[in-house]
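Text of structure.cif (mmCIF, C-alpha atoms) as supplied:
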```
data_my_file
loop_
_atom_site.label_atom_id
_atom_site.label_comp_id
_atom_site.auth_asym_id
_atom_site.auth_seq_id
_atom_site.Cartn_x
_atom_site.Cartn_y
_atom_site.Cartn_z
CA MET A 199 -37.80 21.20 -38.85
CA LYS A 200 -41.09 20.88 -36.95
CA TYR A 201 -40.54 17.12 -36.60
CA LEU A 202 -37.07 17.70 -35.18
CA ARG A 203 -38.60 19.90 -32.49
CA TRP A 204 -40.35 16.84 -31.06
CA LEU A 205 -36.92 15.62 -30.04
CA LEU A 206 -36.86 18.58 -27.67
CA PHE A 207 -40.03 17.46 -25.88
CA PRO A 208 -38.20 16.30 -22.72
CA PHE A 209 -36.78 19.81 -22.36
CA SER A 210 -40.29 21.21 -22.74
CA LEU A 211 -41.41 19.08 -19.81
CA LEU A 212 -38.58 20.46 -17.70
CA TYR A 213 -39.31 24.02 -18.80
CA GLY A 214 -43.02 23.52 -18.07
CA LEU A 215 -42.29 22.26 -14.58
CA VAL A 216 -40.21 25.35 -13.82
CA VAL A 217 -42.94 27.68 -15.15
CA LEU A 218 -45.69 25.84 -13.25
CA ILE A 219 -43.75 26.12 -9.99
CA ARG A 220 -43.08 29.80 -10.65
CA ASN A 221 -46.74 30.54 -11.36
CA TRP A 222 -47.85 28.55 -8.33
CA CYS A 223 -45.50 30.59 -6.15
CA TYR A 224 -47.10 33.80 -7.42
CA ASP A 225 -50.63 32.44 -7.04
CA ALA A 226 -49.89 31.25 -3.50
CA GLY A 227 -48.32 34.56 -2.51
CA ILE A 228 -44.86 33.10 -1.97
CA TYR A 229 -43.58 35.42 -4.67
CA LYS A 230 -44.87 38.95 -4.38
CA SER A 231 -47.16 40.20 -7.14
CA ARG A 232 -47.71 43.95 -6.88
CA GLN A 233 -51.11 45.50 -7.58
CA PHE A 234 -51.43 49.25 -8.10
CA ASP A 235 -54.21 51.68 -7.27
CA LEU A 236 -54.43 53.00 -10.82
CA PRO A 237 -55.64 51.30 -14.01
CA VAL A 238 -53.00 48.92 -15.34
CA ILE A 239 -53.92 47.21 -18.61
CA SER A 240 -51.75 44.33 -19.81
CA VAL A 241 -51.57 43.26 -23.46
CA GLY A 242 -49.90 39.93 -24.14
CA ASN A 243 -50.03 36.40 -25.48
CA LEU A 244 -49.06 32.89 -24.43
CA ASP A 245 -46.71 31.97 -27.24
CA VAL A 246 -43.60 33.46 -28.78
CA GLY A 247 -43.92 35.47 -31.95
CA GLY A 248 -46.33 38.06 -33.19
CA ALA A 249 -49.99 37.80 -32.25
CA GLY A 250 -50.75 41.46 -32.86
CA LYS A 251 -49.76 42.91 -29.49
CA SER A 252 -48.51 46.21 -30.89
CA PRO A 253 -51.70 46.99 -32.89
CA MET A 254 -53.79 46.13 -29.81
CA THR A 255 -51.61 48.35 -27.63
CA GLU A 256 -52.00 51.16 -30.14
CA TYR A 257 -55.76 50.60 -30.24
CA SER A 258 -55.87 50.93 -26.44
CA ILE A 259 -53.78 54.09 -26.62
CA ARG A 260 -56.22 55.67 -29.08
CA LEU A 261 -59.12 54.71 -26.86
CA LEU A 262 -57.75 56.31 -23.70
CA LYS A 263 -55.14 58.94 -24.62
CA ASN A 264 -57.53 61.90 -24.80
CA GLU A 265 -59.31 61.03 -21.57
CA LEU A 266 -56.51 60.17 -19.16
CA HIS A 267 -52.93 61.09 -18.36
CA LEU A 268 -51.73 57.91 -20.04
CA ALA A 269 -48.38 56.14 -20.36
CA THR A 270 -47.19 52.90 -21.92
CA LEU A 271 -44.57 50.71 -20.31
CA SER A 272 -42.55 48.02 -22.09
CA ARG A 273 -39.52 45.95 -21.23
CA GLY A 274 -37.75 47.39 -24.27
CA TYR A 275 -36.77 44.14 -25.91
CA GLY A 276 -33.53 44.39 -27.91
CA ARG A 277 -32.45 47.76 -26.52
CA LYS A 278 -28.85 48.48 -25.56
CA THR A 279 -29.75 50.41 -22.43
CA LYS A 280 -30.77 49.31 -18.94
CA GLY A 281 -33.16 50.51 -16.28
CA TYR A 282 -36.02 52.98 -16.42
CA LEU A 283 -36.03 55.25 -19.46
CA VAL A 284 -38.60 57.59 -20.98
CA ALA A 285 -38.56 57.94 -24.76
CA THR A 286 -38.27 61.29 -26.54
CA PRO A 287 -39.03 62.08 -30.19
CA PHE A 288 -35.31 61.56 -30.85
CA THR A 289 -34.93 58.27 -29.00
CA THR A 290 -33.80 55.36 -31.17
CA ALA A 291 -34.83 51.71 -31.20
CA ALA A 292 -31.40 50.84 -29.82
CA GLN A 293 -32.21 52.91 -26.75
CA VAL A 294 -35.77 51.76 -26.00
CA GLY A 295 -36.58 48.89 -28.39
CA ASP A 296 -38.35 48.98 -31.73
CA GLU A 297 -41.95 48.75 -30.48
CA PRO A 298 -41.67 51.55 -27.87
CA ALA A 299 -39.92 53.70 -30.50
CA GLN A 300 -42.85 53.00 -32.81
CA PHE A 301 -45.37 54.02 -30.13
CA LYS A 302 -43.52 57.29 -29.52
CA GLN A 303 -43.34 58.09 -33.22
CA LYS A 304 -47.06 57.48 -33.71
CA PHE A 305 -48.21 59.05 -30.43
CA PRO A 306 -45.72 61.80 -29.56
CA GLU A 307 -48.19 63.31 -27.08
CA ILE A 308 -48.10 60.35 -24.67
CA THR A 309 -45.33 59.11 -22.42
CA VAL A 310 -43.60 55.93 -23.56
CA ALA A 311 -41.39 54.33 -20.92
CA VAL A 312 -39.30 51.18 -20.74
CA CYS A 313 -38.06 49.23 -17.74
CA GLU A 314 -37.20 45.56 -17.42
CA LYS A 315 -38.60 45.68 -13.87
CA ARG A 316 -42.19 46.69 -14.51
CA VAL A 317 -42.89 47.34 -10.80
CA ILE A 318 -40.20 50.04 -10.74
CA GLY A 319 -41.48 51.43 -14.03
CA ILE A 320 -45.06 51.75 -12.77
CA GLU A 321 -43.87 53.26 -9.48
CA ASN A 322 -42.00 55.95 -11.41
CA LEU A 323 -44.97 56.66 -13.67
CA GLN A 324 -47.38 56.79 -10.74
CA ALA A 325 -45.09 59.19 -8.88
CA SER A 326 -45.13 61.41 -11.99
CA GLY A 327 -48.92 61.68 -11.85
CA PHE A 328 -49.99 59.28 -14.58
CA GLU A 329 -53.57 58.07 -14.30
CA ALA A 330 -53.28 54.82 -16.30
CA VAL A 331 -50.57 52.54 -17.67
CA ILE A 332 -50.72 50.15 -20.63
CA LEU A 333 -48.24 47.29 -20.31
CA ASP A 334 -47.02 45.94 -23.65
CA ASP A 335 -46.14 42.23 -23.76
CA ALA A 336 -46.37 41.72 -20.01
CA TYR A 337 -48.65 38.69 -19.61
CA GLN A 338 -45.83 36.53 -18.20
CA HIS A 339 -44.49 39.32 -15.97
CA ARG A 340 -46.08 38.06 -12.77
CA ALA A 341 -44.32 40.57 -10.50
CA VAL A 342 -47.10 42.97 -11.52
CA LYS A 343 -50.75 42.02 -11.10
CA PRO A 344 -52.54 44.08 -13.74
CA GLY A 345 -56.09 45.20 -13.15
CA PHE A 346 -57.11 44.11 -16.63
CA SER A 347 -55.46 41.63 -19.01
CA ILE A 348 -56.01 41.30 -22.75
CA LEU A 349 -54.75 37.96 -24.07
CA LEU A 350 -54.22 37.52 -27.82
CA PHE A 351 -54.29 34.38 -29.94
CA ASP A 352 -53.13 34.32 -33.56
CA TYR A 353 -55.95 32.71 -35.55
CA ASN A 354 -53.46 31.14 -37.95
CA ARG A 355 -51.74 29.27 -35.13
CA LEU A 356 -54.75 28.02 -33.18
CA GLN A 357 -54.41 24.47 -34.44
CA GLU A 358 -50.78 24.12 -33.38
CA PRO A 359 -50.16 21.69 -30.49
CA HIS A 360 -50.20 23.31 -27.06
CA LEU A 361 -46.53 22.54 -26.47
CA LEU A 362 -44.11 24.56 -24.41
CA LEU A 363 -40.73 25.80 -25.52
CA PRO A 364 -38.49 24.51 -27.01
CA ALA A 365 -40.56 21.76 -28.68
CA GLY A 366 -43.49 24.15 -29.11
CA ASN A 367 -44.08 27.88 -29.01
CA LEU A 368 -45.82 28.41 -25.66
CA ARG A 369 -44.06 30.52 -23.05
CA GLU A 370 -46.27 29.07 -20.33
CA PRO A 371 -48.86 26.27 -20.11
CA PHE A 372 -52.11 26.88 -21.99
CA SER A 373 -53.95 26.90 -18.66
CA GLY A 374 -52.35 30.28 -18.01
CA ARG A 375 -55.13 31.84 -20.10
CA ARG A 376 -57.30 31.78 -16.97
CA ARG A 377 -55.65 35.02 -15.76
CA ALA A 378 -56.99 36.99 -18.73
CA ASP A 379 -60.08 39.19 -18.54
CA VAL A 380 -60.79 39.09 -22.28
CA LEU A 381 -59.51 36.87 -25.09
CA VAL A 382 -58.90 38.24 -28.58
CA VAL A 383 -58.41 36.04 -31.63
CA SER A 384 -56.31 38.19 -33.93
CA LYS A 385 -55.38 38.07 -37.62
CA CYS A 386 -58.64 36.36 -38.57
CA PRO A 387 -59.88 36.19 -42.17
CA ALA A 388 -62.05 39.23 -42.86
CA GLN A 389 -64.93 36.92 -43.81
CA LEU A 390 -64.75 34.65 -40.78
CA THR A 391 -67.66 32.22 -40.82
CA GLU A 392 -69.77 31.23 -37.84
CA THR A 393 -68.41 27.69 -38.10
CA GLN A 394 -64.84 28.99 -37.98
CA GLN A 395 -65.66 31.14 -34.96
CA LYS A 396 -67.16 28.20 -33.06
CA ALA A 397 -64.12 26.08 -33.91
CA ALA A 398 -61.79 28.81 -32.64
CA ILE A 399 -63.72 29.22 -29.40
CA LYS A 400 -63.70 25.46 -28.87
CA ARG A 401 -59.94 25.39 -29.40
CA ILE A 402 -59.35 28.22 -26.93
CA SER A 403 -61.83 26.88 -24.33
CA PRO A 404 -62.48 30.18 -22.57
CA TYR A 405 -63.41 30.20 -18.91
CA PRO A 406 -67.02 31.22 -18.11
CA ASN A 407 -66.01 34.77 -17.15
CA GLN A 408 -64.07 35.40 -20.38
CA GLN A 409 -65.52 37.07 -23.45
CA VAL A 410 -63.94 36.18 -26.81
CA TYR A 411 -63.48 38.81 -29.54
CA PHE A 412 -62.32 38.40 -33.11
CA THR A 413 -60.20 40.90 -35.04
CA THR A 414 -58.63 41.09 -38.46
CA ILE A 415 -55.67 43.06 -39.75
CA SER A 416 -56.51 46.42 -41.28
CA TYR A 417 -53.80 47.68 -43.62
CA LEU A 418 -53.49 51.45 -43.78
CA PRO A 419 -52.14 53.75 -46.52
CA LEU A 420 -48.43 53.64 -47.21
CA ALA A 421 -46.20 56.15 -45.43
CA ASN A 422 -42.57 57.21 -45.57
CA ILE A 423 -40.08 56.03 -42.97
CA ASN A 424 -41.01 58.97 -40.73
CA GLY A 425 -44.67 57.99 -40.73
CA GLN A 426 -45.97 60.62 -43.13
CA PRO A 427 -48.58 59.32 -45.65
CA VAL A 428 -47.52 59.12 -49.30
CA LEU A 429 -49.48 58.52 -52.49
CA THR A 430 -48.18 55.35 -54.13
CA VAL A 431 -50.09 53.03 -56.45
CA LEU A 432 -49.38 49.32 -56.18
CA ASP A 433 -50.44 47.08 -59.05
CA GLU A 434 -49.19 44.22 -61.20
CA ASN A 435 -46.70 46.55 -62.87
CA THR A 436 -45.02 47.33 -59.55
CA TYR A 437 -41.95 45.35 -58.46
CA ILE A 438 -41.95 45.17 -54.67
CA PHE A 439 -38.91 44.59 -52.46
CA LEU A 440 -40.26 43.57 -49.06
CA LEU A 441 -37.96 43.94 -46.05
CA THR A 442 -39.09 42.35 -42.76
CA GLY A 443 -37.62 41.42 -39.41
CA ILE A 444 -40.82 40.37 -37.62
CA ALA A 445 -42.09 37.10 -36.18
CA ASN A 446 -44.70 36.39 -38.84
CA PRO A 447 -44.47 38.32 -42.12
CA LYS A 448 -46.81 35.92 -43.96
CA PRO A 449 -50.02 38.02 -43.65
CA MET A 450 -48.23 41.10 -44.99
CA LEU A 451 -46.71 39.14 -47.85
CA GLN A 452 -50.11 37.70 -48.77
CA TYR A 453 -51.65 41.18 -48.68
CA LEU A 454 -49.03 42.59 -51.06
CA GLN A 455 -49.40 39.58 -53.36
CA GLY A 456 -52.94 40.81 -53.90
CA PHE A 457 -51.44 43.79 -55.75
CA SER A 458 -48.41 42.32 -57.48
CA SER A 459 -46.84 38.93 -58.14
CA HIS A 460 -43.42 40.56 -58.49
CA ILE A 461 -42.12 40.48 -54.92
CA THR A 462 -38.61 39.88 -53.60
CA HIS A 463 -38.73 39.21 -49.87
CA HIS A 464 -35.71 40.02 -47.70
CA ASN A 465 -36.79 38.14 -44.60
CA TYR A 466 -34.92 38.33 -41.26
CA PRO A 467 -35.69 37.07 -37.71
CA ASP A 468 -37.90 39.01 -35.32
CA HIS A 469 -36.27 42.18 -33.92
CA HIS A 470 -33.30 41.68 -36.26
CA PRO A 471 -30.75 44.50 -35.88
CA PHE A 472 -30.27 45.54 -39.50
CA SER A 473 -26.67 45.97 -40.60
CA LEU A 474 -25.04 47.92 -43.40
CA LYS A 475 -24.49 44.55 -45.11
CA ASN A 476 -28.24 43.88 -45.02
CA ILE A 477 -28.98 47.30 -46.50
CA ALA A 478 -26.29 46.88 -49.16
CA LYS A 479 -27.85 43.59 -50.23
CA LEU A 480 -31.27 45.24 -50.46
CA ALA A 481 -29.86 48.20 -52.39
CA ASP A 482 -28.02 45.95 -54.81
CA GLY A 483 -31.16 44.03 -55.69
CA PHE A 484 -33.20 47.20 -55.98
CA ASN A 485 -30.67 48.95 -58.22
CA ARG A 486 -30.28 45.90 -60.46
CA CYS A 487 -34.03 45.68 -61.00
CA THR A 488 -34.90 47.07 -64.44
CA ALA A 489 -38.65 47.50 -63.76
CA SER A 490 -39.92 50.99 -64.48
CA ARG A 491 -41.93 50.95 -61.25
CA LYS A 492 -40.31 49.54 -58.16
CA VAL A 493 -40.66 50.17 -54.44
CA ILE A 494 -39.22 49.02 -51.12
CA ILE A 495 -41.77 48.29 -48.39
CA THR A 496 -41.19 47.45 -44.73
CA THR A 497 -43.17 47.30 -41.48
CA GLU A 498 -43.57 50.04 -38.89
CA LYS A 499 -41.55 48.08 -36.36
CA ASP A 500 -38.72 47.43 -38.82
CA ALA A 501 -38.70 51.09 -39.80
CA GLN A 502 -37.63 52.01 -36.27
CA ARG A 503 -34.48 49.89 -36.56
CA LEU A 504 -33.80 51.26 -40.03
CA ARG A 505 -33.65 54.79 -38.57
CA GLU A 506 -30.53 54.06 -36.53
CA PRO A 507 -27.80 56.70 -37.09
CA ASP A 508 -25.23 54.24 -38.48
CA LEU A 509 -27.69 53.30 -41.26
CA ALA A 510 -28.74 56.86 -42.10
CA ALA A 511 -26.39 57.41 -45.04
CA ALA A 512 -27.27 54.10 -46.72
CA MET A 513 -30.99 54.49 -46.06
CA SER A 514 -31.07 58.00 -47.53
CA GLN A 515 -30.30 56.47 -50.93
CA LEU A 516 -33.33 54.16 -50.87
CA PRO A 517 -37.05 55.01 -51.34
CA VAL A 518 -38.31 52.96 -48.42
CA LEU A 519 -42.04 53.00 -47.65
CA VAL A 520 -43.82 51.70 -44.56
CA LEU A 521 -47.06 49.71 -44.53
CA PRO A 522 -48.88 50.54 -41.26
CA ILE A 523 -51.43 48.17 -39.80
CA GLY A 524 -54.35 48.46 -37.44
CA ILE A 525 -57.08 46.12 -36.22
CA GLN A 526 -60.73 45.80 -37.12
CA PHE A 527 -63.20 44.01 -34.87
CA LEU A 528 -65.52 41.42 -36.39
CA ASN A 529 -69.12 40.60 -35.39
CA ASN A 530 -69.78 44.17 -34.22
CA GLY A 531 -67.46 43.46 -31.31
CA GLU A 532 -65.76 46.85 -31.13
CA GLU A 533 -68.32 48.72 -29.03
CA PRO A 534 -68.68 46.03 -26.34
CA PHE A 535 -64.88 45.68 -26.22
CA LYS A 536 -64.48 49.44 -25.79
CA GLN A 537 -67.12 49.52 -23.10
CA THR A 538 -65.38 46.73 -21.20
CA ILE A 539 -62.14 48.74 -21.11
CA VAL A 540 -63.94 51.97 -20.19
CA ASN A 541 -65.89 50.29 -17.38
CA TYR A 542 -62.67 48.93 -15.93
CA VAL A 543 -60.94 52.31 -16.05
CA ARG A 544 -63.92 54.05 -14.45
CA LYS A 545 -63.58 51.87 -11.37
CA TYR A 546 -60.25 53.52 -10.65
CA THR A 547 -60.82 57.14 -11.49
CA THR A 548 -63.30 59.90 -10.81
CA HIS A 549 -62.84 61.09 -14.38
CA HIS A 550 -66.27 60.98 -16.05
CA GLY A 551 -65.39 62.10 -19.55
CA LEU A 552 -64.85 58.61 -20.93
CA HIS A 553 -67.25 57.56 -23.64
#
```

Written form, structure tokens:
Amino acid sequence: MKYLRWLLFPFSLLYGLVVLIRNWCYDAGIYKSRQFDLPVISVGNLDVGGAGKSPMTEYSIRLLKNELHLATLSRGYGRKTKGYLVATPFTTAAQVGDEPAQFKQKFPEITVAVCEKRVIGIENLQASGFEAVILDDAYQHRAVKPGFSILLFDYNRLQEPHLLLPAGNLREPFSGRRRADVLVVSKCPAQLTETQQKAAIKRISPYPNQQVYFTTISYLPLANINGQPVLTVLDENTYIFLLTGIANPKPMLQYLQGFSSHITHHNYPDHHPFSLKNIAKLADGFNRCTASRKVIITTEKDAQRLREPDLAAAMSQLPVLVLPIGIQFLNNGEEPFKQTIVNYVRKYTTHHGLH
């Protein structure tokens, strides 16, 4: 398949030309890029697929939520609604998108908003008295000029050619990294060597003003579909049914393989809207399994789409567990990363309680 994508290279050239012209128009001021007088932190990446944006957004929420009147703003990818919408504890993924629904479930005390026009979304949040906004997956949304941009790179994809869609995976030319304030290499091996770090930095080629940080995935205790921790032992005697609809389930699969070799993976595309047929297939396999210990595991993001009302009856018959993830900084990078964010926020607020 990857060789066939090279046939699409001429279309990538055309796509790249359009993106370059668009970015030049924003850089030259021909297209308006709005900057706000409150801290706006953007979390994003250059390519399609998962680079760990949601865990980084959640990390930023934890860092700032007790110190500022904070909100998150997403486009709400995959939702069936339009316009500006603020999530409630009862809002579904179909209404706001799976990632915003996940943020609201995990952080019910903060405001989670969605709006395809981020300028309008920030204007509404600012008018409501919010002191800071975290933009999820907004690096290519040039209509807003964030005050601080965090750009993520998946370690496992660093060696891929820097090709634009559709031949490659880049949403914009690799030179677009220059707009970022910090670069984060995510999903690294926990024991990343100095040689591997140097190779990654060489591949990214950061600009002189950009600091590079390395993070690895931190898997947290299993929880039920509502996010409440549960005590479940996974070992070689456990038969695992893994259900995913994310861009890159490979790290999660590898992690679970460290506990059991008995894994059946029901793998669907990113943001896949699960159907009753999908759940019936999962249930059939689970019920046919004769293992004395068996469990169904999914991701936090997928869990939001599994909580849709039309799936409730079918899901109530299945013991689905969720494997949450977080991030862990390598090379003692967490404190300087935190301080960088805090220093940025302090430029825009008289609040002195940040630490």

For stretch 298-307 of chain A, take all atoms listed in the file, fit an axis-aligned box around them, add 8 Å to each of the six sides, then output centre and edge lengths in Å rounded to one decimal, as lines of an AutoDock Vina configuration file.
```
center_x = -44.1
center_y = 57.4
center_z = -30.4
size_x = 24.3
size_y = 27.8
size_z = 22.6
```

How many Å separate atom CA of A:Pro447 from atom CA of A:Tyr275? 18.9 Å

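Among the candidates A:Gln526, A:Gln455, A:Asn446, A:Asn476, the one nearest to A:Val383 when counting only C-alpha atoms is A:Gln526.
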
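Going from atom CA of A:Lys343 over to atom CA of A:Ile525, you cover 26.2 Å.
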
Could you expand the PyMOL selection byres ((chain A and resi 228-242) around 6) into the explicit residues it covers here, written as a VMD selection string? chain A and resid 223 to 224 226 to 227 243 330 to 337 341 to 349 543 546

Dump of C-alpha atoms for the selected residues, as a JSON list (two decimals), in the coordinates of the input:
```
[["chain", "number", "residue", "atom", "x", "y", "z"],
["A", 223, "CYS", "CA", -45.50, 30.59, -6.15],
["A", 224, "TYR", "CA", -47.10, 33.80, -7.42],
["A", 226, "ALA", "CA", -49.89, 31.25, -3.50],
["A", 227, "GLY", "CA", -48.32, 34.56, -2.51],
["A", 243, "ASN", "CA", -50.03, 36.40, -25.48],
["A", 330, "ALA", "CA", -53.28, 54.82, -16.30],
["A", 331, "VAL", "CA", -50.57, 52.54, -17.67],
["A", 332, "ILE", "CA", -50.72, 50.15, -20.63],
["A", 333, "LEU", "CA", -48.24, 47.29, -20.31],
["A", 334, "ASP", "CA", -47.02, 45.94, -23.65],
["A", 335, "ASP", "CA", -46.14, 42.23, -23.76],
["A", 336, "ALA", "CA", -46.37, 41.72, -20.01],
["A", 337, "TYR", "CA", -48.65, 38.69, -19.61],
["A", 341, "ALA", "CA", -44.32, 40.57, -10.50],
["A", 342, "VAL", "CA", -47.10, 42.97, -11.52],
["A", 343, "LYS", "CA", -50.75, 42.02, -11.10],
["A", 344, "PRO", "CA", -52.54, 44.08, -13.74],
["A", 345, "GLY", "CA", -56.09, 45.20, -13.15],
["A", 346, "PHE", "CA", -57.11, 44.11, -16.63],
["A", 347, "SER", "CA", -55.46, 41.63, -19.01],
["A", 348, "ILE", "CA", -56.01, 41.30, -22.75],
["A", 349, "LEU", "CA", -54.75, 37.96, -24.07],
["A", 543, "VAL", "CA", -60.94, 52.31, -16.05],
["A", 546, "TYR", "CA", -60.25, 53.52, -10.65]]
```

Got a sec to resolve the PyMOL selection byres ((chain A and resi 531-537) around 12) on this structure and send the residues as a PyMOL selection string? chain A and resi 254+257-262+348+379-383+408-414+525-530+538-544+552-553

Keeping only C-alpha atoms, write the selected residues as a PDB file, in the frame of the given file.
```pdb
ATOM      1  CA  MET A 254     -53.790  46.130 -29.810  1.00  0.00           C
ATOM      2  CA  TYR A 257     -55.760  50.600 -30.240  1.00  0.00           C
ATOM      3  CA  SER A 258     -55.870  50.930 -26.440  1.00  0.00           C
ATOM      4  CA  ILE A 259     -53.780  54.090 -26.620  1.00  0.00           C
ATOM      5  CA  ARG A 260     -56.220  55.670 -29.080  1.00  0.00           C
ATOM      6  CA  LEU A 261     -59.120  54.710 -26.860  1.00  0.00           C
ATOM      7  CA  LEU A 262     -57.750  56.310 -23.700  1.00  0.00           C
ATOM      8  CA  ILE A 348     -56.010  41.300 -22.750  1.00  0.00           C
ATOM      9  CA  ASP A 379     -60.080  39.190 -18.540  1.00  0.00           C
ATOM     10  CA  VAL A 380     -60.790  39.090 -22.280  1.00  0.00           C
ATOM     11  CA  LEU A 381     -59.510  36.870 -25.090  1.00  0.00           C
ATOM     12  CA  VAL A 382     -58.900  38.240 -28.580  1.00  0.00           C
ATOM     13  CA  VAL A 383     -58.410  36.040 -31.630  1.00  0.00           C
ATOM     14  CA  GLN A 408     -64.070  35.400 -20.380  1.00  0.00           C
ATOM     15  CA  GLN A 409     -65.520  37.070 -23.450  1.00  0.00           C
ATOM     16  CA  VAL A 410     -63.940  36.180 -26.810  1.00  0.00           C
ATOM     17  CA  TYR A 411     -63.480  38.810 -29.540  1.00  0.00           C
ATOM     18  CA  PHE A 412     -62.320  38.400 -33.110  1.00  0.00           C
ATOM     19  CA  THR A 413     -60.200  40.900 -35.040  1.00  0.00           C
ATOM     20  CA  THR A 414     -58.630  41.090 -38.460  1.00  0.00           C
ATOM     21  CA  ILE A 525     -57.080  46.120 -36.220  1.00  0.00           C
ATOM     22  CA  GLN A 526     -60.730  45.800 -37.120  1.00  0.00           C
ATOM     23  CA  PHE A 527     -63.200  44.010 -34.870  1.00  0.00           C
ATOM     24  CA  LEU A 528     -65.520  41.420 -36.390  1.00  0.00           C
ATOM     25  CA  ASN A 529     -69.120  40.600 -35.390  1.00  0.00           C
ATOM     26  CA  ASN A 530     -69.780  44.170 -34.220  1.00  0.00           C
ATOM     27  CA  THR A 538     -65.380  46.730 -21.200  1.00  0.00           C
ATOM     28  CA  ILE A 539     -62.140  48.740 -21.110  1.00  0.00           C
ATOM     29  CA  VAL A 540     -63.940  51.970 -20.190  1.00  0.00           C
ATOM     30  CA  ASN A 541     -65.890  50.290 -17.380  1.00  0.00           C
ATOM     31  CA  TYR A 542     -62.670  48.930 -15.930  1.00  0.00           C
ATOM     32  CA  VAL A 543     -60.940  52.310 -16.050  1.00  0.00           C
ATOM     33  CA  ARG A 544     -63.920  54.050 -14.450  1.00  0.00           C
ATOM     34  CA  LEU A 552     -64.850  58.610 -20.930  1.00  0.00           C
ATOM     35  CA  HIS A 553     -67.250  57.560 -23.640  1.00  0.00           C
TER      36      HIS A 553
END
```

Once you count all atoms listed in the file, which residues end up no further than 10 Å from (-34.9, 34.6, -40.1) in the file's frame, shown as JSON, numbers by chain? {"A": [442, 443, 444, 445, 464, 465, 466, 467, 468, 469, 470]}

For C-alpha atoms, I'd like the residues from the last selection saved as a PDB file, in the coordinates of the input.
```
ATOM      1  CA  THR A 442     -39.090  42.350 -42.760  1.00  0.00           C
ATOM      2  CA  GLY A 443     -37.620  41.420 -39.410  1.00  0.00           C
ATOM      3  CA  ILE A 444     -40.820  40.370 -37.620  1.00  0.00           C
ATOM      4  CA  ALA A 445     -42.090  37.100 -36.180  1.00  0.00           C
ATOM      5  CA  HIS A 464     -35.710  40.020 -47.700  1.00  0.00           C
ATOM      6  CA  ASN A 465     -36.790  38.140 -44.600  1.00  0.00           C
ATOM      7  CA  TYR A 466     -34.920  38.330 -41.260  1.00  0.00           C
ATOM      8  CA  PRO A 467     -35.690  37.070 -37.710  1.00  0.00           C
ATOM      9  CA  ASP A 468     -37.900  39.010 -35.320  1.00  0.00           C
ATOM     10  CA  HIS A 469     -36.270  42.180 -33.920  1.00  0.00           C
ATOM     11  CA  HIS A 470     -33.300  41.680 -36.260  1.00  0.00           C
TER      12      HIS A 470
END
```

Picked residues, the PyMOL selection byres ((chain A and resi 306) around 12), expected as a ChimeraX atom specification: /A:259,263,268-270,284-289,298-305,307-310,425

Close residues, stretch 402-406 of chain A itself excluded, 8 Å, all atoms listed in the file, min 6 positions apart in chain, as a list of chain:residue names: A:Leu356, A:Arg375, A:Arg376, A:Leu381

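Distance annotation: of A:Ile523, A:Ser252, A:Gly374, A:Gly281, the residue with the minimal separation from A:Asp296 is A:Ser252; atom set is only C-alpha atoms.
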
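The interatomic distance for the pair atom CA of A:Ser473 and atom CA of A:Ala249 works out to 26.1 Å.
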
Show which residues sit within 12 Å of A:Ser514, as number ranges by chain. Count all atoms listed in the file, and ignore same-chain residues fewer than 4 positions away. A: 422-423, 477, 481, 504-510, 518

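Compared by their closest atoms to A:Tyr353, and using only C-alpha atoms, the residues A:Lys251, A:Lys385, A:Arg369, A:Lys499 rank with A:Lys385 nearest.
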
Contacts of A:Leu440 within 8 Å, all atoms listed in the file, excl. fewer than 5 positions in-chain, as a PDB file with C-alpha atoms, in the coordinates of the input:
```
ATOM      1  CA  LEU A 451     -46.710  39.140 -47.850  1.00  0.00           C
ATOM      2  CA  ILE A 461     -42.120  40.480 -54.920  1.00  0.00           C
ATOM      3  CA  THR A 462     -38.610  39.880 -53.600  1.00  0.00           C
ATOM      4  CA  HIS A 463     -38.730  39.210 -49.870  1.00  0.00           C
ATOM      5  CA  HIS A 464     -35.710  40.020 -47.700  1.00  0.00           C
ATOM      6  CA  ASN A 465     -36.790  38.140 -44.600  1.00  0.00           C
ATOM      7  CA  ILE A 494     -39.220  49.020 -51.120  1.00  0.00           C
ATOM      8  CA  ILE A 495     -41.770  48.290 -48.390  1.00  0.00           C
ATOM      9  CA  THR A 496     -41.190  47.450 -44.730  1.00  0.00           C
TER      10      THR A 496
END
```

Quick one: which stretch 332-438 of chain A residues come within 10 Å of stretch 218-222 of chain A, and what is the nearest atom pair for each with the distance in Å to one decimal, counting all atoms listed in the file, rows ordered by chain and ascending number, as JSON lines?
```
{"residue": "A:Gln338", "atom": "CA", "partner": "A:Asn221", "partner_atom": "CA", "distance": 9.1}
{"residue": "A:Arg340", "atom": "CA", "partner": "A:Asn221", "partner_atom": "CA", "distance": 7.7}
{"residue": "A:Glu370", "atom": "CA", "partner": "A:Leu218", "partner_atom": "CA", "distance": 7.8}
{"residue": "A:Pro371", "atom": "CA", "partner": "A:Leu218", "partner_atom": "CA", "distance": 7.6}
{"residue": "A:Ser373", "atom": "CA", "partner": "A:Leu218", "partner_atom": "CA", "distance": 9.9}
{"residue": "A:Gly374", "atom": "CA", "partner": "A:Asn221", "partner_atom": "CA", "distance": 8.7}
```

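Using all atoms listed in the file for every distance, the candidate list A:Ala512, A:Leu521, A:Thr547, A:Ile415 yields A:Thr547 as the residue closest to A:Leu266.
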
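If you measure from each of A:Pro471, A:Gly456, A:Gly319, A:Pro364 to A:Leu271 using all atoms listed in the file, the closest one turns out to be A:Gly319.
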